[in-house]
Amino acid sequence: MFKRGLAFCLALVLVTSAQAQVAVSFVPNGGTFPAGSMQDVQVFLTQNTGSTKQVRFIQLDLNNSSAALLAGATYPTNPAGSTHPFWDFSDNASCTTTPATCGQNHFVEQIPATPRVNIGSVAFRGLLADEALQVTLPNNTAVRIGTIKLTMPAAAGPYTLDVINAAGVGPDAGAEVRWGFGVQAGDELAKFRSGSMLTGGTAVFTVSGNGPVNFVSVDRLPAATPAGNMNTLSQIRRNKIVLTFSGALPAAPAAGQVTMRELLAGGAFGADVLAGAGFTVSIAGNTLILQDVPGGVNPGTLLNKKIYGIHSTTWPGVNPFCVDLRVNWGDANNNGLINFADLATVNTFIGQGVNDTNRWSNIDGNAFVNFADMGNANTFIATGGVPVNRPAPHPAVCVP
């Protein structure tokens with residue numbers, strides 16, 4: 001219901017007399033946010049004509065908005081149940097329960113057929129005989145008409161969200177609102193555009209911080225680890241991976257912004273294990289936590305004697321990074337071998353509940369380090385001489 005390239009939430013309202021006004025507002029109405037953080041911006045319309053209006057057309061124009069803000073915008077599914085991103089029809093019971101009734105034959109975008117960059121528009125069906133399918137704007141009551149999810153740019157500084165663009169006065173540009181039950185679609189008498197009758201619609205979002213953060217280390221090994229000496233995941237299930245960064249992380253990565261994939265022969269990669277139900281992804285301060293979640297006695301998501309690469313090139317506020325991890329069940333001391341030294345390491349923590357100091361000794365992945373873990377480590381000693389090597393031609397040093 002909005003044009004391709006629309007990057008922010010907007011709200012418009014029209015008036016029916018020379019004194020009336022329609023105001024566009026945002027929640028939040030600007031503010032200061034960390035670089036790379038995500039913020040839902042709700043767009044509202046408020047009209048003060050003295051009576052309720054049925055709106056049949058809304059057009060928003062973002063051409064005066066900061067390009068860096070628009071570049072990181074997405075449009076969440078309507079919380080009221082509409083299948084159209086951005087637009088909110090929660091004031092209309094018919095639209096909420098049957099989204100196909102909203103918009104003129106579902107013609108809610110691309111007017112004309114070639115998309116107009118940074119312009120969002122919708123033509124509602126209530127042009128002549130369908131008043132019930134128009135958007136209702138009570139007098140002096142703010143009505144949410146849409147929502148957009150902004151990703152704050154990496155660079156510090158102010159960024160403007162402008163949905164009215166008073167300079168855009170051409171037939172396919174500029175903000176406008178139309179209402180009027182029983183009025184023909186092209187009737188200019190019910191049309192209100194940028195200017196004294198249509199106000200607001202501008203906010204400034206300030207990005208704080210010193211730019212993107214960098215990857216520093218993963219668990220027990222620093223980022224600058226000698227080639228061939230990778231961090232080991234020693235548990236058969238419930239491995240926890242903690243990646244540390246140089247500063248506070250702005251927000252948890254969205255799907256696909258951080259991946260974890262098995263390194264395959266020929267330089268290929270397996271499926272992203274973070275995309276399934278086997279892992280949870282969360283942040284705590286300056287750490288990213290990847291937790292293998294399968295319980296019971298079954299092995300977790302990660303396969304033994306395999307190498308997995310964690311990559312990120314598109315996570316806002318975080319510089320690209322890459323780290324490889326080997327899965328070597330029973331390697332409690334992280335030296336790449338499984339031998340009696342691992343039994344001694346496990347024995348050090350016998351009787352303790354699992355924490356971030358001893359979790360590599362909890363081989364069976366339950367809540368305690370006990371003699372069962374000694375038994376498991378002893379079982380894997382037989383595989384200790386089998387190396388866990390990168391399949392060719394994956395480079396010896398992980399590259400983002």
# chains A, B, ... in the order shown; residues from 1 in each chain; ligands from 1
call {"tool": "closest_atom_pairs", "arguments": {"of": "range 257-317 of chain A", "to": "range 50-73 of chain A", "cutoff": "12 Å", "atoms": "only C-alpha atoms", "output": "Markdown table"}}
result
| residue | atom | partner | partner_atom | distance |
| --- | --- | --- | --- | --- |
| A:Thr314 | CA | A:Gly72 | CA | 10.9 |
| A:Trp315 | CA | A:Gly72 | CA | 11.0 |
| A:Pro316 | CA | A:Gly72 | CA | 8.6 |
| A:Gly317 | CA | A:Gly72 | CA | 11.4 |
call {"tool": "write_last_selection", "arguments": {"atoms": "N, CA and C atoms", "output": "compact mmCIF listing (two decimals), in the first residue's frame"}}
result
# COMPACT_ATOMS: atom_id res chain seq x y z
N THR A 314 26.00 -7.88 6.89
CA THR A 314 24.88 -6.94 6.71
C THR A 314 24.20 -6.55 8.03
N TRP A 315 24.83 -6.81 9.17
CA TRP A 315 24.24 -6.48 10.46
C TRP A 315 24.47 -5.00 10.74
N PRO A 316 23.43 -4.16 10.75
CA PRO A 316 23.61 -2.73 10.95
C PRO A 316 24.30 -2.41 12.27
N GLY A 317 25.28 -1.50 12.22
CA GLY A 317 25.99 -1.09 13.42
C GLY A 317 27.13 -2.00 13.80
call {"tool": "select_by_dssp", "arguments": {"residues": "range 304-390 of chain A", "states": "alpha helix (DSSP H)", "output": "PyMOL selection string"}}
result
chain A and resi 340-348+371-380
call {"tool": "write_last_selection", "arguments": {"atoms": "C-alpha atoms", "output": "short mmCIF file (atom, residue, chain, number, x, y, z; two decimals), in the first residue's frame"}}
result
data_model
loop_
_atom_site.label_atom_id
_atom_site.label_comp_id
_atom_site.auth_asym_id
_atom_site.auth_seq_id
_atom_site.Cartn_x
_atom_site.Cartn_y
_atom_site.Cartn_z
CA PHE A 340 43.28 -38.16 29.22
CA ALA A 341 44.02 -34.46 29.69
CA ASP A 342 40.34 -33.83 28.87
CA LEU A 343 39.32 -36.30 31.59
CA ALA A 344 41.44 -34.33 34.04
CA THR A 345 39.78 -31.07 32.92
CA VAL A 346 36.29 -32.52 33.43
CA ASN A 347 37.33 -33.92 36.81
CA THR A 348 38.27 -30.40 37.94
CA PHE A 371 30.87 -38.57 36.36
CA ALA A 372 28.61 -39.05 33.33
CA ASP A 373 30.67 -36.36 31.61
CA MET A 374 33.84 -38.24 32.52
CA GLY A 375 32.32 -41.31 30.88
CA ASN A 376 31.37 -39.38 27.75
CA ALA A 377 34.81 -37.79 27.43
CA ASN A 378 36.39 -41.22 27.83
CA THR A 379 34.16 -42.58 25.03
CA PHE A 380 35.40 -39.93 22.60
#
call {"tool": "atom_distance", "arguments": {"atom1": "CA of Tyr159 in chain A", "atom2": "CA of Asn29 in chain A"}}
result
12.4 Å
call {"tool": "closest_residue", "arguments": {"among": "A:Val297, A:Val27, A:Leu198, A:Ala275", "to": "Gly365 in chain A", "atoms": "only C-alpha atoms"}}
result
A:Val297
call {"tool": "closest_residue", "arguments": {"among": "A:Phe205, A:Phe44, A:Phe368, A:Phe215", "to": "Gly30 in chain A", "atoms": "only C-alpha atoms"}}
result
A:Phe205
call {"tool": "residues_around", "arguments": {"residues": "Gly353 in chain A", "least_positions_apart": "3", "cutoff": "12 Å", "atoms": "only C-alpha atoms", "output": "list of chain:residue names"}}
result
A:Phe349, A:Ile350, A:Asp356, A:Thr357, A:Asn358, A:Arg359, A:Ser361, A:Asn362, A:Gly365, A:Asn366, A:Ala367, A:Phe368, A:Val369, A:Asn370
call {"tool": "write_last_selection", "arguments": {"atoms": "N, CA and C atoms", "output": "compact mmCIF listing (two decimals), in the first residue's frame"}}
result
# COMPACT_ATOMS: atom_id res chain seq x y z
N PHE A 349 35.89 -29.99 37.54
CA PHE A 349 34.61 -29.34 37.79
C PHE A 349 33.52 -30.30 38.26
N ILE A 350 33.89 -31.53 38.59
CA ILE A 350 32.89 -32.52 39.02
C ILE A 350 32.07 -31.97 40.18
N ASP A 356 29.48 -20.36 32.78
CA ASP A 356 30.30 -20.00 31.63
C ASP A 356 31.78 -20.31 31.82
N THR A 357 32.16 -20.79 32.99
CA THR A 357 33.54 -21.21 33.22
C THR A 357 33.74 -22.69 32.95
N ASN A 358 32.73 -23.50 33.28
CA ASN A 358 32.91 -24.96 33.19
C ASN A 358 32.08 -25.63 32.09
N ARG A 359 31.33 -24.85 31.27
CA ARG A 359 30.37 -25.49 30.36
C ARG A 359 31.03 -26.39 29.33
N SER A 361 33.13 -28.58 29.95
CA SER A 361 33.30 -29.88 30.60
C SER A 361 31.98 -30.61 30.78
N ASN A 362 30.88 -29.97 30.44
CA ASN A 362 29.57 -30.59 30.53
C ASN A 362 29.27 -31.30 29.20
N GLY A 365 25.77 -32.18 28.05
CA GLY A 365 24.87 -31.05 27.87
C GLY A 365 23.70 -31.00 28.83
N ASN A 366 23.83 -31.61 30.03
CA ASN A 366 22.75 -31.45 31.01
C ASN A 366 23.12 -30.28 31.94
N ALA A 367 22.53 -30.20 33.08
CA ALA A 367 22.71 -29.03 33.93
C ALA A 367 23.90 -29.14 34.88
N PHE A 368 24.60 -30.29 34.90
CA PHE A 368 25.67 -30.49 35.88
C PHE A 368 26.88 -31.14 35.22
N VAL A 369 28.05 -30.86 35.81
CA VAL A 369 29.25 -31.59 35.45
C VAL A 369 29.42 -32.70 36.46
N ASN A 370 29.35 -33.95 35.99
CA ASN A 370 29.43 -35.09 36.91
C ASN A 370 30.17 -36.24 36.24
call {"tool": "select_by_dssp", "arguments": {"residues": "range 132-370 of chain A", "states": "strand (DSSP E)", "output": "NGL selection string"}}
result
:A and (135-137 or 143-151 or 157-162 or 176-179 or 191-193 or 198-200 or 202-208 or 215-218 or 221-222 or 231-233 or 240-245 or 259-263 or 269-272 or 279-284 or 287-292 or 307-312 or 321-327 or 352-353 or 368-369)
call {"tool": "closest_residue", "arguments": {"among": "A:Gly351, A:Pro34, A:Pro253, A:Pro212", "to": "Ile289 in chain A", "atoms": "only C-alpha atoms"}}
result
A:Pro253
call {"tool": "residues_around", "arguments": {"residues": "Asp40 in chain A", "least_positions_apart": "3", "cutoff": "7 Å", "atoms": "only C-alpha atoms", "output": "MDAnalysis selection string"}}
result
chainID A and resid 147:150
